[in-house]
Amino acid sequence: MKIPQMIRAEFARLWATKMARLAFAALMCVPLLYGGLYLWANQDPYARLDQVPVALVVSDAGVAEGESTRVIGDEVAQNLIDDGSFDWHRVSAKDAERGVANGVYDFTVTLPKDFSEALQSSQTDDPHRADVVLTTNDANSYLATTIGEQAVQRIQKQIVQSVNREAARSLLDGIAQVRGSLIEATDGASELTDGAATARDGAGELHAGTQTAAEGSGRLASGLSQLRDATASLPQSTETLAGGAAQVAAGNATVAQYGREAADVSQRAIDALAADRAAVLQDLANANVDPAVIDRVSGAMDRIGGDLTSVNAQVQGASAQLDTLAGGAQQVADGSRQLADATPQLTNGIATAADGSVALDDGLAQLVEGSGELQSGLGDLTNGAGQLRDALAEGVDALPDSSDDLRGDQASNIASPVDVQTSRVTSAGSYGAGLAPFFMSLAAWIGIYALFLILKPVSRRAVTALHTPLRVTLAGWATPALLGATQMLALFAIVAFALRFDFSHPVAAYGTIALASATFAAIILALNVWLGSVGQFLGLVLMVVQLVTAGGTFPWQTLPPSLATLHHYLPMSFAVDGLRQLMYGGDLADAASEAVKLALVLVIAVLVAALGVAKTMRSRTLKDLQPSLIG
């Protein structure tokens, strides 16, 4: 009996009756229902999170900003509703509590009363964090709790970005104001530097001037001292002068009186001469004196009159001069008296001025010293102002000159400085596609396991008729392997065409899953050959072990060490890893390596099953005559 004949005989047995055909068809559909239905249900659940009902409670009282009140909780709530990442329902706290308890809402997000106040507390002396309260109910869905935690993290991120953006904008605006003030301060420092330099030059001139003044004050003090000494006897001298001047004035007055008297006598003599001349001439005429004599007498008297008139004029002039001299002498006497009276005050003033000049000289000496220190200090001030100007200019250069729009962009960048750029070597594309390699591999095992519920692992007729264990084993393995390949072809069509999951290498992917199904058939065959119904049960146990060690959902590195070790030796792990490489466009060399591992397990399992068949051929036991509890 040849292998094809044994395969046809097994297929004929499976198709012999209506119930057999029904059971066969049902078991062939098991992996399709398991793999296809599960992947369909979980094709892309994250794309439908907007259908998840979530209660949003805003109890925020807000904070005062000027004459208005800002409620940041309302802003956050509106952003969440506009974002539409969930089916948000803004309700009261009581409705939210009741809804989560009754399953109306999967979870609740609450923004408490002090939400805005806490967000703004960083600007006060009592900074504290704002709370976002997540209320979940695992009785509704444990994954809903996980999703709720992720949602709160997203809310936290949005709030942090918003707060950071506002804080950064305030900081940048403050820096811009500081820069403007620094520019003004730099200009002021420049003016201060110029003014200090001018003041330093002026202080130098002041210092030189005070030195000159000090020298002059020294000479003044010396001169006034000499003047004080020289004028010490001046009061006495002026008193003597006043007395002498008074005497002179009195003498001049007497002389002037004499002059006036002489002038009166002279004037009377002239007046008398004129009258006497006329009388004399008349008398001579009356006496019949010779006219010639009268003429001579008249001429003589005229000469005398002329001389007397001239003398009178001189006397009158002398008298007037004597009066003037007497008046001037009196004025001199009066002035001398005033001088004598004022001289004590003058000498006292000179003495006071002398003493003041000494004090002035001392003060100017101090002024010279102070002006020198002022000049030096103004030099230091000039240098310091120059350093301040340069430092302020460096500060201005160190601060960016930014526009309002640029500061807005900078604030946004500071609020979210890191943009995660995902560089994917491969990409599954969706949640369902990420699970497909695992569930296809698991469906392959379940499909083979279910087939062995109706398949005979080894034909008893062939065991009795043939003495070639390997041929019998290959015939027993070929039937489930062919059926498994058919199951995987149907499952692959559902995944690739109905669910529209992408396969970078579809032919190789199908070949891998068909190889995995054939390997699983060899393993379950070996278990059945060696252990019978117990082996069938162990096939179920082995499926459970591979389900947790294949790394289909979480990375296998998260498993306990003992289970993580099994990942490297169980065939479902090879199938999952190989399918991932082929489905997502990974490393073909890795996929080939996983296929080689599957083929090696296949060969080993077939050889182990052949050894079991050989043992059966050598000895028949009572177990061979008793029907299996399962098959």
# chains A, B, ... in the order shown; residues from 1 in each chain; ligands from 1
$ select_by_dssp --residues "stretch 315-481 of chain A" --states "helix (DSSP H, G or I)" --output "JSON, numbers by chain"
{"A": [315, 316, 317, 318, 319, 320, 321, 322, 323, 324, 325, 326, 327, 328, 329, 330, 331, 332, 333, 334, 335, 336, 337, 338, 339, 340, 341, 342, 343, 344, 345, 346, 347, 348, 349, 350, 351, 352, 353, 354, 355, 356, 357, 358, 359, 360, 361, 362, 363, 364, 365, 366, 367, 368, 369, 370, 371, 372, 373, 374, 375, 376, 377, 378, 379, 380, 381, 382, 383, 384, 385, 386, 387, 388, 389, 390, 391, 392, 393, 394, 395, 396, 397, 398, 404, 405, 406, 407, 408, 409, 410, 411, 412, 413, 414, 415, 431, 432, 433, 434, 435, 436, 437, 438, 439, 440, 441, 442, 443, 444, 445, 446, 447, 448, 449, 450, 451, 460, 461, 462, 463, 464, 465, 469, 470, 471, 472, 473, 474, 475, 476, 477, 478, 479, 480, 481]}
$ residues_around --residues "A:Pro457" --least-positions-apart "2" --cutoff "9 Å" --atoms "only C-alpha atoms" --output "NGL selection string"
:A and (452 or 455 or 459 or 473 or 476-477 or 524-526 or 528-529 or 532)
$ residues_around --residues "stretch 137-141 of chain A" --least-positions-apart "3" --cutoff "8 Å" --atoms "only C-alpha atoms" --output "PyMOL selection string"
chain A and resi 100-101+103+106-107+144-145
$ closest_residue --among "A:Gln536, A:Ala521, A:Val163, A:Asp82" --to "A:Ser122" --atoms "only C-alpha atoms"
A:Val163
$ residues_around --residues "stretch 260-270 of chain A" --least-positions-apart "3" --cutoff "7 Å" --atoms "only C-alpha atoms" --output "PDB file with all heavy atoms, in the first residue's frame"
ATOM      1  N   ALA A 256      40.556 183.502  55.099  1.00  0.00           N
ATOM      2  CA  ALA A 256      39.492 183.860  54.152  1.00  0.00           C
ATOM      3  C   ALA A 256      38.743 185.076  54.670  1.00  0.00           C
ATOM      4  O   ALA A 256      38.334 185.959  53.896  1.00  0.00           O
ATOM      5  CB  ALA A 256      38.552 182.671  53.943  1.00  0.00           C
ATOM      6  N   GLN A 257      38.517 185.159  55.999  1.00  0.00           N
ATOM      7  CA  GLN A 257      37.838 186.313  56.585  1.00  0.00           C
ATOM      8  C   GLN A 257      38.670 187.559  56.371  1.00  0.00           C
ATOM      9  O   GLN A 257      38.129 188.622  55.988  1.00  0.00           O
ATOM     10  CB  GLN A 257      37.611 186.056  58.087  1.00  0.00           C
ATOM     11  CG  GLN A 257      36.873 187.191  58.779  1.00  0.00           C
ATOM     12  CD  GLN A 257      35.472 187.400  58.220  1.00  0.00           C
ATOM     13  OE1 GLN A 257      34.798 186.437  57.831  1.00  0.00           O
ATOM     14  NE2 GLN A 257      35.042 188.689  58.142  1.00  0.00           N
ATOM     15  N   LEU A 273      38.042 206.482  45.544  1.00  0.00           N
ATOM     16  CA  LEU A 273      38.920 207.136  44.576  1.00  0.00           C
ATOM     17  C   LEU A 273      38.117 207.776  43.456  1.00  0.00           C
ATOM     18  O   LEU A 273      38.414 208.905  43.018  1.00  0.00           O
ATOM     19  CB  LEU A 273      39.906 206.099  44.002  1.00  0.00           C
ATOM     20  CG  LEU A 273      40.881 206.635  42.930  1.00  0.00           C
ATOM     21  CD1 LEU A 273      41.784 207.795  43.551  1.00  0.00           C
ATOM     22  CD2 LEU A 273      41.764 205.524  42.393  1.00  0.00           C
ATOM     23  N   ALA A 274      37.072 207.064  43.011  1.00  0.00           N
ATOM     24  CA  ALA A 274      36.260 207.618  41.917  1.00  0.00           C
ATOM     25  C   ALA A 274      35.588 208.902  42.375  1.00  0.00           C
ATOM     26  O   ALA A 274      35.544 209.914  41.643  1.00  0.00           O
ATOM     27  CB  ALA A 274      35.227 206.569  41.467  1.00  0.00           C
ATOM     28  N   GLY A 305      43.836 205.025  39.677  1.00  0.00           N
ATOM     29  CA  GLY A 305      42.576 204.255  39.701  1.00  0.00           C
ATOM     30  C   GLY A 305      42.706 202.923  38.982  1.00  0.00           C
ATOM     31  O   GLY A 305      42.184 201.896  39.420  1.00  0.00           O
ATOM     32  N   LEU A 308      44.744 200.788  41.164  1.00  0.00           N
ATOM     33  CA  LEU A 308      43.948 200.353  42.315  1.00  0.00           C
ATOM     34  C   LEU A 308      42.869 199.346  41.891  1.00  0.00           C
ATOM     35  O   LEU A 308      42.590 198.358  42.613  1.00  0.00           O
ATOM     36  CB  LEU A 308      43.316 201.587  42.961  1.00  0.00           C
ATOM     37  CG  LEU A 308      42.556 201.323  44.277  1.00  0.00           C
ATOM     38  CD1 LEU A 308      43.491 200.729  45.337  1.00  0.00           C
ATOM     39  CD2 LEU A 308      41.952 202.636  44.800  1.00  0.00           C
ATOM     40  N   THR A 309      42.268 199.566  40.683  1.00  0.00           N
ATOM     41  CA  THR A 309      41.256 198.589  40.167  1.00  0.00           C
ATOM     42  C   THR A 309      41.893 197.229  39.931  1.00  0.00           C
ATOM     43  O   THR A 309      41.295 196.186  40.247  1.00  0.00           O
ATOM     44  CB  THR A 309      40.666 199.100  38.851  1.00  0.00           C
ATOM     45  OG1 THR A 309      40.035 200.364  39.100  1.00  0.00           O
ATOM     46  CG2 THR A 309      39.648 198.123  38.279  1.00  0.00           C
ATOM     47  N   ASN A 312      42.451 195.770  43.193  1.00  0.00           N
ATOM     48  CA  ASN A 312      41.163 195.331  43.763  1.00  0.00           C
ATOM     49  C   ASN A 312      40.717 194.010  43.142  1.00  0.00           C
ATOM     50  O   ASN A 312      40.194 193.127  43.816  1.00  0.00           O
ATOM     51  CB  ASN A 312      40.126 196.417  43.523  1.00  0.00           C
ATOM     52  CG  ASN A 312      38.770 196.009  44.136  1.00  0.00           C
ATOM     53  OD1 ASN A 312      38.691 195.672  45.324  1.00  0.00           O
ATOM     54  ND2 ASN A 312      37.711 196.045  43.318  1.00  0.00           N
ATOM     55  N   VAL A 315      42.717 191.465  44.667  1.00  0.00           N
ATOM     56  CA  VAL A 315      42.301 191.216  46.063  1.00  0.00           C
ATOM     57  C   VAL A 315      40.977 190.447  46.079  1.00  0.00           C
ATOM     58  O   VAL A 315      40.793 189.498  46.863  1.00  0.00           O
ATOM     59  CB  VAL A 315      42.188 192.557  46.811  1.00  0.00           C
ATOM     60  CG1 VAL A 315      41.535 192.356  48.186  1.00  0.00           C
ATOM     61  CG2 VAL A 315      43.550 193.184  46.990  1.00  0.00           C
ATOM     62  N   GLN A 316      40.048 190.897  45.184  1.00  0.00           N
ATOM     63  CA  GLN A 316      38.763 190.184  45.133  1.00  0.00           C
ATOM     64  C   GLN A 316      38.959 188.716  44.730  1.00  0.00           C
ATOM     65  O   GLN A 316      38.340 187.798  45.293  1.00  0.00           O
ATOM     66  CB  GLN A 316      37.834 190.882  44.136  1.00  0.00           C
ATOM     67  CG  GLN A 316      37.385 192.270  44.562  1.00  0.00           C
ATOM     68  CD  GLN A 316      36.581 192.261  45.838  1.00  0.00           C
ATOM     69  OE1 GLN A 316      35.852 191.290  46.143  1.00  0.00           O
ATOM     70  NE2 GLN A 316      36.710 193.347  46.644  1.00  0.00           N
ATOM     71  N   SER A 319      40.453 186.888  47.555  1.00  0.00           N
ATOM     72  CA  SER A 319      39.464 186.628  48.603  1.00  0.00           C
ATOM     73  C   SER A 319      38.570 185.441  48.224  1.00  0.00           C
ATOM     74  O   SER A 319      38.256 184.590  49.054  1.00  0.00           O
ATOM     75  CB  SER A 319      38.611 187.877  48.804  1.00  0.00           C
ATOM     76  OG  SER A 319      37.596 187.618  49.768  1.00  0.00           O
TER      77      SER A 319
END
$ residues_around --residues "A:Gly586" --least-positions-apart "6" --cutoff "10 Å" --atoms "only C-alpha atoms" --output "list in words"
Val425, Thr426, Ser427, Ser504, His505, Gly578, Leu579 and Arg580 of chain A
$ write_last_selection --atoms "all heavy atoms" --output "PDB file, in the first residue's frame"
ATOM      1  N   VAL A 425      11.559  50.339  11.032  1.00  0.00           N
ATOM      2  CA  VAL A 425      12.162  49.394  10.103  1.00  0.00           C
ATOM      3  C   VAL A 425      11.057  48.649   9.364  1.00  0.00           C
ATOM      4  O   VAL A 425      11.113  48.432   8.152  1.00  0.00           O
ATOM      5  CB  VAL A 425      13.087  48.415  10.859  1.00  0.00           C
ATOM      6  CG1 VAL A 425      13.669  47.380   9.895  1.00  0.00           C
ATOM      7  CG2 VAL A 425      14.194  49.184  11.556  1.00  0.00           C
ATOM      8  N   THR A 426      10.027  48.298  10.136  1.00  0.00           N
ATOM      9  CA  THR A 426       8.832  47.696   9.555  1.00  0.00           C
ATOM     10  C   THR A 426       7.625  48.292  10.253  1.00  0.00           C
ATOM     11  O   THR A 426       7.743  48.873  11.333  1.00  0.00           O
ATOM     12  CB  THR A 426       8.817  46.162   9.736  1.00  0.00           C
ATOM     13  OG1 THR A 426       8.795  45.855  11.139  1.00  0.00           O
ATOM     14  CG2 THR A 426      10.042  45.535   9.101  1.00  0.00           C
ATOM     15  N   SER A 427       6.439  48.140   9.653  1.00  0.00           N
ATOM     16  CA  SER A 427       5.223  48.682  10.239  1.00  0.00           C
ATOM     17  C   SER A 427       4.078  47.719  10.007  1.00  0.00           C
ATOM     18  O   SER A 427       3.817  47.294   8.874  1.00  0.00           O
ATOM     19  CB  SER A 427       4.900  50.043   9.622  1.00  0.00           C
ATOM     20  OG  SER A 427       3.668  50.524  10.098  1.00  0.00           O
ATOM     21  N   SER A 504       3.851  42.007   2.919  1.00  0.00           N
ATOM     22  CA  SER A 504       4.961  42.416   2.059  1.00  0.00           C
ATOM     23  C   SER A 504       5.422  41.270   1.167  1.00  0.00           C
ATOM     24  O   SER A 504       5.832  41.480   0.021  1.00  0.00           O
ATOM     25  CB  SER A 504       6.129  42.924   2.914  1.00  0.00           C
ATOM     26  OG  SER A 504       5.762  44.082   3.617  1.00  0.00           O
ATOM     27  N   HIS A 505       5.369  40.041   1.680  1.00  0.00           N
ATOM     28  CA  HIS A 505       5.771  38.852   0.915  1.00  0.00           C
ATOM     29  C   HIS A 505       4.674  37.803   1.078  1.00  0.00           C
ATOM     30  O   HIS A 505       4.791  36.864   1.890  1.00  0.00           O
ATOM     31  CB  HIS A 505       7.114  38.314   1.426  1.00  0.00           C
ATOM     32  CG  HIS A 505       8.209  39.347   1.423  1.00  0.00           C
ATOM     33  ND1 HIS A 505       8.877  39.726   0.277  1.00  0.00           N
ATOM     34  CD2 HIS A 505       8.730  40.091   2.437  1.00  0.00           C
ATOM     35  CE1 HIS A 505       9.776  40.652   0.584  1.00  0.00           C
ATOM     36  NE2 HIS A 505       9.703  40.898   1.880  1.00  0.00           N
ATOM     37  N   GLY A 578       8.611  34.477  12.181  1.00  0.00           N
ATOM     38  CA  GLY A 578       8.782  34.435  10.731  1.00  0.00           C
ATOM     39  C   GLY A 578       7.690  35.191   9.999  1.00  0.00           C
ATOM     40  O   GLY A 578       7.954  35.934   9.040  1.00  0.00           O
ATOM     41  N   LEU A 579       6.433  35.021  10.442  1.00  0.00           N
ATOM     42  CA  LEU A 579       5.324  35.723   9.798  1.00  0.00           C
ATOM     43  C   LEU A 579       5.458  37.243   9.949  1.00  0.00           C
ATOM     44  O   LEU A 579       5.109  37.997   9.035  1.00  0.00           O
ATOM     45  CB  LEU A 579       3.998  35.259  10.401  1.00  0.00           C
ATOM     46  CG  LEU A 579       3.394  33.981   9.808  1.00  0.00           C
ATOM     47  CD1 LEU A 579       2.123  33.598  10.547  1.00  0.00           C
ATOM     48  CD2 LEU A 579       3.096  34.169   8.316  1.00  0.00           C
ATOM     49  N   ARG A 580       5.937  37.697  11.084  1.00  0.00           N
ATOM     50  CA  ARG A 580       6.127  39.144  11.264  1.00  0.00           C
ATOM     51  C   ARG A 580       7.105  39.710  10.241  1.00  0.00           C
ATOM     52  O   ARG A 580       6.874  40.766   9.649  1.00  0.00           O
ATOM     53  CB  ARG A 580       6.637  39.418  12.687  1.00  0.00           C
ATOM     54  CG  ARG A 580       5.549  39.357  13.754  1.00  0.00           C
ATOM     55  CD  ARG A 580       6.133  39.481  15.135  1.00  0.00           C
ATOM     56  NE  ARG A 580       5.089  39.565  16.142  1.00  0.00           N
ATOM     57  CZ  ARG A 580       5.299  39.372  17.445  1.00  0.00           C
ATOM     58  NH1 ARG A 580       6.508  39.073  17.885  1.00  0.00           N
ATOM     59  NH2 ARG A 580       4.298  39.478  18.297  1.00  0.00           N
TER      60      ARG A 580
END
$ closest_atom_pairs --of "stretch 153-223 of chain A" --to "stretch 362-382 of chain A" --cutoff "6 Å" --atoms "only C-alpha atoms" --output "Markdown table"
| residue | atom | partner | partner_atom | distance |
| --- | --- | --- | --- | --- |
| A:Thr193 | CA | A:Thr382 | CA | 5.3 |
| A:Ala196 | CA | A:Thr382 | CA | 5.0 |
| A:Ala197 | CA | A:Thr382 | CA | 5.6 |
| A:Arg200 | CA | A:Leu378 | CA | 5.0 |
| A:Ala203 | CA | A:Gln375 | CA | 4.9 |
| A:Gly204 | CA | A:Gln375 | CA | 5.8 |
| A:His207 | CA | A:Ser371 | CA | 5.0 |
| A:Thr210 | CA | A:Val368 | CA | 5.3 |
| A:Gln211 | CA | A:Val368 | CA | 5.7 |
| A:Ala214 | CA | A:Leu364 | CA | 5.1 |
$ write_last_selection --atoms "N, CA, C and O atoms" --output "short mmCIF file (atom, residue, chain, number, x, y, z; two decimals), in the first residue's frame"
data_model
loop_
_atom_site.label_atom_id
_atom_site.label_comp_id
_atom_site.auth_asym_id
_atom_site.auth_seq_id
_atom_site.Cartn_x
_atom_site.Cartn_y
_atom_site.Cartn_z
N THR A 193 28.69 107.47 30.56
CA THR A 193 30.12 107.41 30.28
C THR A 193 30.62 108.74 29.71
O THR A 193 31.65 109.27 30.15
N ALA A 196 30.39 111.30 32.46
CA ALA A 196 31.45 111.09 33.44
C ALA A 196 32.79 111.55 32.89
O ALA A 196 33.62 112.12 33.61
N ALA A 197 33.02 111.29 31.58
CA ALA A 197 34.27 111.75 30.97
C ALA A 197 34.33 113.28 30.97
O ALA A 197 35.36 113.88 31.29
N ARG A 200 34.89 114.33 34.41
CA ARG A 200 36.30 114.10 34.78
C ARG A 200 37.19 115.21 34.24
O ARG A 200 38.05 115.74 34.96
N ALA A 203 36.48 118.16 36.27
CA ALA A 203 37.12 118.02 37.58
C ALA A 203 38.61 118.31 37.48
O ALA A 203 39.22 118.87 38.41
N GLY A 204 39.20 117.94 36.33
CA GLY A 204 40.62 118.26 36.12
C GLY A 204 40.82 119.77 36.06
O GLY A 204 41.75 120.32 36.67
N HIS A 207 40.34 121.10 39.45
CA HIS A 207 41.52 120.84 40.28
C HIS A 207 42.61 121.86 39.97
O HIS A 207 43.24 122.42 40.89
N THR A 210 41.44 125.21 41.32
CA THR A 210 41.56 125.29 42.78
C THR A 210 43.01 125.40 43.21
O THR A 210 43.32 126.06 44.23
N GLN A 211 43.91 124.77 42.46
CA GLN A 211 45.33 124.93 42.77
C GLN A 211 45.74 126.40 42.58
O GLN A 211 46.44 126.99 43.43
N ALA A 214 44.20 128.38 45.24
CA ALA A 214 44.91 128.16 46.50
C ALA A 214 46.18 128.99 46.55
O ALA A 214 46.52 129.58 47.60
#
$ residues_around --residues "stretch 173-184 of chain A" --least-positions-apart "2" --cutoff "10 Å" --atoms "only C-alpha atoms" --output "MDAnalysis selection string"
chainID A and resid 167:171 186:190 389 391:404 407:408 411
$ closest_residue --among "A:Ile155, A:Ala250, A:Ala433, A:Ala496" --to "A:Val332" --atoms "only C-alpha atoms"
A:Ala250
$ atom_distance --atom1 "atom CA of A:Ile454" --atom2 "atom CA of A:Val541"
19.0 Å
$ residues_around --residues "stretch 55-62 of chain A" --least-positions-apart "3" --cutoff "10 Å" --atoms "only C-alpha atoms" --output "MDAnalysis selection string"
chainID A and resid 65 68:74 76:77 80:81 86:97 99:100 104:118 120 133:135
$ select_by_dssp --residues "stretch 13-242 of chain A" --states "strand (DSSP E)" --output "list in words"
Pro53, Val54, Ala55, Leu56, Val57, Val58, Val63, Ala64, Glu65, Ser68, Thr69, Arg70, Asp87, Trp88, His89, Arg90, Phe107, Thr108, Val109, Thr110, Leu111, Val133, Leu134, Thr135 and Thr136 of chain A
$ write_last_selection --atoms "N, CA and C atoms" --output "PDB file, in the first residue's frame"
ATOM      1  N   PRO A  53     -17.826  55.742  25.391  1.00  0.00           N
ATOM      2  CA  PRO A  53     -18.458  56.823  26.167  1.00  0.00           C
ATOM      3  C   PRO A  53     -17.643  57.147  27.421  1.00  0.00           C
ATOM      4  N   VAL A  54     -17.340  58.409  27.584  1.00  0.00           N
ATOM      5  CA  VAL A  54     -16.551  58.861  28.726  1.00  0.00           C
ATOM      6  C   VAL A  54     -17.243  60.075  29.331  1.00  0.00           C
ATOM      7  N   ALA A  55     -17.363  60.076  30.654  1.00  0.00           N
ATOM      8  CA  ALA A  55     -17.953  61.210  31.366  1.00  0.00           C
ATOM      9  C   ALA A  55     -16.877  62.237  31.677  1.00  0.00           C
ATOM     10  N   LEU A  56     -17.192  63.505  31.444  1.00  0.00           N
ATOM     11  CA  LEU A  56     -16.269  64.603  31.720  1.00  0.00           C
ATOM     12  C   LEU A  56     -16.937  65.554  32.707  1.00  0.00           C
ATOM     13  N   VAL A  57     -16.318  65.684  33.880  1.00  0.00           N
ATOM     14  CA  VAL A  57     -16.872  66.525  34.942  1.00  0.00           C
ATOM     15  C   VAL A  57     -15.940  67.712  35.149  1.00  0.00           C
ATOM     16  N   VAL A  58     -16.473  68.921  35.024  1.00  0.00           N
ATOM     17  CA  VAL A  58     -15.693  70.145  35.232  1.00  0.00           C
ATOM     18  C   VAL A  58     -16.263  70.866  36.450  1.00  0.00           C
ATOM     19  N   VAL A  63     -10.053  81.227  38.128  1.00  0.00           N
ATOM     20  CA  VAL A  63      -9.212  82.199  38.835  1.00  0.00           C
ATOM     21  C   VAL A  63      -9.499  83.586  38.265  1.00  0.00           C
ATOM     22  N   ALA A  64      -9.335  84.591  39.110  1.00  0.00           N
ATOM     23  CA  ALA A  64      -9.589  85.969  38.684  1.00  0.00           C
ATOM     24  C   ALA A  64      -8.403  86.484  37.887  1.00  0.00           C
ATOM     25  N   GLU A  65      -8.703  87.083  36.731  1.00  0.00           N
ATOM     26  CA  GLU A  65      -7.696  87.749  35.908  1.00  0.00           C
ATOM     27  C   GLU A  65      -8.231  89.138  35.584  1.00  0.00           C
ATOM     28  N   SER A  68     -12.172  89.900  35.107  1.00  0.00           N
ATOM     29  CA  SER A  68     -12.873  88.708  34.640  1.00  0.00           C
ATOM     30  C   SER A  68     -12.346  87.473  35.369  1.00  0.00           C
ATOM     31  N   THR A  69     -12.997  86.350  35.132  1.00  0.00           N
ATOM     32  CA  THR A  69     -12.604  85.062  35.726  1.00  0.00           C
ATOM     33  C   THR A  69     -12.282  84.088  34.604  1.00  0.00           C
ATOM     34  N   ARG A  70     -11.121  83.477  34.712  1.00  0.00           N
ATOM     35  CA  ARG A  70     -10.706  82.494  33.708  1.00  0.00           C
ATOM     36  C   ARG A  70     -10.886  81.096  34.269  1.00  0.00           C
ATOM     37  N   ASP A  87     -15.889  59.553  23.056  1.00  0.00           N
ATOM     38  CA  ASP A  87     -17.259  60.058  23.041  1.00  0.00           C
ATOM     39  C   ASP A  87     -17.511  60.756  24.383  1.00  0.00           C
ATOM     40  N   TRP A  88     -17.047  62.021  24.451  1.00  0.00           N
ATOM     41  CA  TRP A  88     -17.102  62.760  25.706  1.00  0.00           C
ATOM     42  C   TRP A  88     -18.531  63.200  26.013  1.00  0.00           C
ATOM     43  N   HIS A  89     -18.896  63.084  27.301  1.00  0.00           N
ATOM     44  CA  HIS A  89     -20.188  63.560  27.779  1.00  0.00           C
ATOM     45  C   HIS A  89     -19.928  64.431  29.003  1.00  0.00           C
ATOM     46  N   ARG A  90     -20.145  65.746  28.861  1.00  0.00           N
ATOM     47  CA  ARG A  90     -19.932  66.639  29.993  1.00  0.00           C
ATOM     48  C   ARG A  90     -21.162  66.598  30.894  1.00  0.00           C
ATOM     49  N   PHE A 107     -15.323  55.263  31.809  1.00  0.00           N
ATOM     50  CA  PHE A 107     -14.564  55.900  32.892  1.00  0.00           C
ATOM     51  C   PHE A 107     -14.933  57.371  32.935  1.00  0.00           C
ATOM     52  N   THR A 108     -14.470  58.038  33.989  1.00  0.00           N
ATOM     53  CA  THR A 108     -14.789  59.446  34.202  1.00  0.00           C
ATOM     54  C   THR A 108     -13.504  60.239  34.392  1.00  0.00           C
ATOM     55  N   VAL A 109     -13.445  61.409  33.771  1.00  0.00           N
ATOM     56  CA  VAL A 109     -12.335  62.355  33.974  1.00  0.00           C
ATOM     57  C   VAL A 109     -12.920  63.589  34.648  1.00  0.00           C
ATOM     58  N   THR A 110     -12.348  63.927  35.817  1.00  0.00           N
ATOM     59  CA  THR A 110     -12.853  65.052  36.604  1.00  0.00           C
ATOM     60  C   THR A 110     -11.770  66.110  36.758  1.00  0.00           C
ATOM     61  N   LEU A 111     -12.132  67.359  36.449  1.00  0.00           N
ATOM     62  CA  LEU A 111     -11.265  68.517  36.700  1.00  0.00           C
ATOM     63  C   LEU A 111     -11.806  69.196  37.958  1.00  0.00           C
ATOM     64  N   VAL A 133      -8.604  63.870  37.951  1.00  0.00           N
ATOM     65  CA  VAL A 133      -9.066  62.658  38.645  1.00  0.00           C
ATOM     66  C   VAL A 133      -9.668  61.695  37.627  1.00  0.00           C
ATOM     67  N   LEU A 134      -9.118  60.484  37.584  1.00  0.00           N
ATOM     68  CA  LEU A 134      -9.627  59.423  36.713  1.00  0.00           C
ATOM     69  C   LEU A 134     -10.394  58.424  37.571  1.00  0.00           C
ATOM     70  N   THR A 135     -11.645  58.197  37.221  1.00  0.00           N
ATOM     71  CA  THR A 135     -12.472  57.219  37.926  1.00  0.00           C
ATOM     72  C   THR A 135     -12.808  56.089  36.964  1.00  0.00           C
ATOM     73  N   THR A 136     -12.438  54.858  37.330  1.00  0.00           N
ATOM     74  CA  THR A 136     -12.651  53.712  36.445  1.00  0.00           C
ATOM     75  C   THR A 136     -13.458  52.641  37.170  1.00  0.00           C
TER      76      THR A 136
END
$ atom_distance --atom1 "atom CA of A:Gly434" --atom2 "atom CA of A:Leu600"
26.6 Å
$ closest_residue --among "A:Val613, A:Leu27, A:Leu435, A:Leu499" --to "A:Leu483" --atoms "only C-alpha atoms"
A:Leu27
$ atom_distance --atom1 "atom CA of A:Thr343" --atom2 "atom CA of A:Pro235"
5.2 Å
$ closest_residue --among "A:Ala292, A:Val608, A:Ala279, A:Leu32" --to "A:Ile446" --atoms "only C-alpha atoms"
A:Leu32
$ decode --residues "stretch 143-147 of chain A" --atoms "N, CA, C and O atoms" --output "PDB file, in the first residue's frame"
ATOM      1  N   LEU A 143      -9.577  46.845  30.065  1.00  0.00           N
ATOM      2  CA  LEU A 143      -8.845  47.619  29.063  1.00  0.00           C
ATOM      3  C   LEU A 143      -9.328  49.066  29.010  1.00  0.00           C
ATOM      4  O   LEU A 143      -8.561  49.965  28.671  1.00  0.00           O
ATOM      5  N   ALA A 144     -10.608  49.286  29.354  1.00  0.00           N
ATOM      6  CA  ALA A 144     -11.104  50.654  29.412  1.00  0.00           C
ATOM      7  C   ALA A 144     -10.338  51.450  30.470  1.00  0.00           C
ATOM      8  O   ALA A 144     -10.067  52.642  30.298  1.00  0.00           O
ATOM      9  N   THR A 145      -9.987  50.772  31.564  1.00  0.00           N
ATOM     10  CA  THR A 145      -9.172  51.437  32.593  1.00  0.00           C
ATOM     11  C   THR A 145      -7.809  51.804  32.034  1.00  0.00           C
ATOM     12  O   THR A 145      -7.307  52.915  32.246  1.00  0.00           O
ATOM     13  N   THR A 146      -7.206  50.859  31.304  1.00  0.00           N
ATOM     14  CA  THR A 146      -5.904  51.136  30.700  1.00  0.00           C
ATOM     15  C   THR A 146      -6.003  52.284  29.699  1.00  0.00           C
ATOM     16  O   THR A 146      -5.151  53.183  29.677  1.00  0.00           O
ATOM     17  N   ILE A 147      -7.053  52.246  28.886  1.00  0.00           N
ATOM     18  CA  ILE A 147      -7.256  53.325  27.912  1.00  0.00           C
ATOM     19  C   ILE A 147      -7.502  54.644  28.632  1.00  0.00           C
ATOM     20  O   ILE A 147      -7.019  55.704  28.203  1.00  0.00           O
TER      21      ILE A 147
END
